[in-house]
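Below is one structure, written out as structure tokens, with a few remarks after it.
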Amino acid sequence: ARAIALDSQGNAIIAGFSNCSNLNPGVRLGPGGSVDVLVMKSRAQGNGAEFLTCIGGSGIDMAHAVAVDSSNNIYVGGAAGSLNFPTLQ
């Protein structure tokens with residue numbers, strides 16, 4: 001983990017990077033490369049993850065920061081080394 005933030009219910013939002021090919025994320029955005037952004041929401045009760053998401057293009061993409069606002073929206077900052085990094089419009 002590179003960064004951790006708490007939402008209003010005390011759930012931990014964890015951001016970093018991983019070779020997601022060895023994980024089973026609930027959501028995978030993009031084709032994935034050797035290193036992808038990883039975002040996980042861990043339940044405050046300690047009984048597992050609410051979600052695990054991998055985001056990445058064909059290059060090296062990493063999350064270095066995470067924040068949660070008062071409406072529990074999650075913001076992730078980092079570096080995208082992929083020309084085909086997935087984006088939303």
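In the structure tokens, chains take letters A, B, ... by order of appearance, with residues numbered from 1 within each chain and ligands from 1 in the order shown.
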Pick out the residues sitting within 10 Å of Asn24 (chain A), and hand them over as a short mmCIF file (atom, residue, chain, number, x, y, z; two decimals) with all heavy atoms, in the first residue's frame; count only C-alpha atoms, and ignore anything fewer than 3 positions along from it in its own chain.
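Once written, result-v6.cif looks like this:
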```cif
data_model
loop_
_atom_site.label_atom_id
_atom_site.label_comp_id
_atom_site.auth_asym_id
_atom_site.auth_seq_id
_atom_site.Cartn_x
_atom_site.Cartn_y
_atom_site.Cartn_z
N CYS A 20 -1.55 -7.16 -11.09
CA CYS A 20 -2.91 -7.61 -10.83
C CYS A 20 -3.25 -8.93 -11.51
O CYS A 20 -4.32 -9.48 -11.28
CB CYS A 20 -3.91 -6.54 -11.24
SG CYS A 20 -3.90 -5.12 -10.12
N SER A 21 -2.36 -9.44 -12.33
CA SER A 21 -2.65 -10.71 -13.01
C SER A 21 -2.78 -11.86 -12.02
O SER A 21 -3.41 -12.86 -12.33
CB SER A 21 -1.57 -11.02 -14.05
OG SER A 21 -0.32 -11.22 -13.41
N VAL A 27 -13.50 -5.63 -10.25
CA VAL A 27 -13.55 -4.78 -11.44
C VAL A 27 -12.13 -4.61 -11.95
O VAL A 27 -11.22 -4.31 -11.20
CB VAL A 27 -14.16 -3.40 -11.13
CG1 VAL A 27 -14.10 -2.49 -12.34
CG2 VAL A 27 -15.59 -3.54 -10.64
N ARG A 28 -11.96 -4.82 -13.25
CA ARG A 28 -10.66 -4.56 -13.89
C ARG A 28 -10.93 -3.58 -15.03
O ARG A 28 -11.72 -3.86 -15.92
CB ARG A 28 -10.05 -5.84 -14.43
CG ARG A 28 -8.68 -5.63 -15.05
CD ARG A 28 -8.09 -6.93 -15.60
NE ARG A 28 -7.96 -7.95 -14.61
CZ ARG A 28 -6.88 -8.13 -13.84
NH1 ARG A 28 -5.87 -7.32 -13.93
NH2 ARG A 28 -6.84 -9.12 -12.97
N LEU A 52 -12.28 -4.65 -4.66
CA LEU A 52 -10.90 -4.61 -5.11
C LEU A 52 -10.95 -4.29 -6.60
O LEU A 52 -11.63 -4.98 -7.36
CB LEU A 52 -10.21 -5.96 -4.87
CG LEU A 52 -8.83 -6.14 -5.48
CD1 LEU A 52 -7.84 -5.17 -4.86
CD2 LEU A 52 -8.36 -7.57 -5.28
N THR A 53 -10.25 -3.25 -7.00
CA THR A 53 -10.25 -2.81 -8.39
C THR A 53 -8.82 -2.65 -8.88
O THR A 53 -7.98 -2.10 -8.17
CB THR A 53 -10.98 -1.45 -8.53
OG1 THR A 53 -12.32 -1.61 -8.06
CG2 THR A 53 -11.01 -0.98 -9.96
N CYS A 54 -8.56 -3.13 -10.09
CA CYS A 54 -7.28 -2.91 -10.75
C CYS A 54 -7.53 -2.06 -11.98
O CYS A 54 -8.47 -2.30 -12.74
CB CYS A 54 -6.66 -4.24 -11.16
SG CYS A 54 -6.05 -5.20 -9.77
#
```
Just want the 12 Å neighbourhood of Gly56 (chain A), counted on only C-alpha atoms, with same-chain residues fewer than 2 positions away dropped. Output as a VMD selection string. chain A and resid 16 to 21 27 to 39 53 to 54 58 to 63 78 to 87
Given the choices A:Ile55, A:Ala49, A:Ala44, A:Leu88, which gets closest to Ser8 (chain A) if the distance is worked out from only C-alpha atoms?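 That would be A:Ala44, the residue with the smallest distance to Ser8 (chain A).
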Hey, what's within 12 Å of Tyr75 (chain A) if we count only C-alpha atoms and toss same-chain stuff fewer than 2 positions away? As a ChimeraX atom specification, please? /A:3-7,13-15,39,63-73,77-78
Expected file contents, prior selection, N, CA and C atoms, as a short mmCIF file (atom, residue, chain, number, x, y, z; two decimals), in the first residue's frame:
```cif
data_model
loop_
_atom_site.label_atom_id
_atom_site.label_comp_id
_atom_site.auth_asym_id
_atom_site.auth_seq_id
_atom_site.Cartn_x
_atom_site.Cartn_y
_atom_site.Cartn_z
N ALA A 3 -0.91 4.36 0.03
CA ALA A 3 -1.73 5.37 0.69
C ALA A 3 -2.98 4.73 1.28
N ILE A 4 -3.43 5.28 2.40
CA ILE A 4 -4.63 4.79 3.07
C ILE A 4 -5.45 5.99 3.53
N ALA A 5 -6.77 5.92 3.32
CA ALA A 5 -7.69 6.95 3.80
C ALA A 5 -8.90 6.23 4.41
N LEU A 6 -9.60 6.90 5.30
CA LEU A 6 -10.80 6.34 5.92
C LEU A 6 -12.03 7.08 5.41
N ASP A 7 -13.12 6.32 5.14
CA ASP A 7 -14.37 6.97 4.78
C ASP A 7 -15.16 7.28 6.05
N ILE A 13 -9.70 2.78 2.74
CA ILE A 13 -9.50 2.78 1.31
C ILE A 13 -7.99 2.71 1.11
N ILE A 14 -7.53 1.67 0.46
CA ILE A 14 -6.11 1.41 0.29
C ILE A 14 -5.77 1.55 -1.19
N ALA A 15 -4.74 2.31 -1.50
CA ALA A 15 -4.32 2.50 -2.89
C ALA A 15 -2.84 2.19 -3.01
N VAL A 39 -6.87 -0.42 -6.05
CA VAL A 39 -7.67 0.29 -5.05
C VAL A 39 -8.56 -0.74 -4.37
N ALA A 63 -0.62 4.08 -8.17
CA ALA A 63 -1.30 5.02 -7.30
C ALA A 63 -0.35 5.40 -6.16
N HIS A 64 -0.30 6.69 -5.85
CA HIS A 64 0.56 7.17 -4.77
C HIS A 64 -0.20 7.90 -3.67
N ALA A 65 -1.47 8.24 -3.94
CA ALA A 65 -2.26 9.00 -2.96
C ALA A 65 -3.72 8.62 -3.08
N VAL A 66 -4.44 8.72 -1.97
CA VAL A 66 -5.88 8.47 -1.98
C VAL A 66 -6.54 9.41 -0.97
N ALA A 67 -7.73 9.88 -1.33
CA ALA A 67 -8.51 10.74 -0.43
C ALA A 67 -9.98 10.37 -0.56
N VAL A 68 -10.74 10.63 0.50
CA VAL A 68 -12.18 10.37 0.50
C VAL A 68 -12.87 11.65 0.98
N ASP A 69 -13.88 12.11 0.24
CA ASP A 69 -14.58 13.32 0.66
C ASP A 69 -15.76 12.98 1.58
N SER A 70 -16.50 14.00 2.00
CA SER A 70 -17.59 13.80 2.96
C SER A 70 -18.76 13.00 2.39
N SER A 71 -18.82 12.85 1.07
CA SER A 71 -19.84 12.01 0.43
C SER A 71 -19.33 10.62 0.12
N ASN A 72 -18.13 10.29 0.62
CA ASN A 72 -17.47 8.99 0.42
C ASN A 72 -17.06 8.74 -1.02
N ASN A 73 -16.88 9.82 -1.81
CA ASN A 73 -16.27 9.67 -3.13
C ASN A 73 -14.78 9.47 -2.94
N GLY A 77 -4.63 9.50 -6.80
CA GLY A 77 -3.61 10.19 -7.57
C GLY A 77 -2.41 9.30 -7.76
N GLY A 78 -1.70 9.49 -8.85
CA GLY A 78 -0.53 8.67 -9.09
C GLY A 78 0.10 8.99 -10.42
#
```
Using DSSP on the backbone coordinates, identify the residues of chain A assigned to strand (DSSP E); present them as number ranges by chain. A: 3-6, 12-18, 27-29, 36-42, 49-55, 61-68, 74-80
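The closest residue to Gly26 (chain A), picked from A:Glu50, A:Ala12, A:Gly57, A:Arg43 and counting only C-alpha atoms, is A:Glu50.
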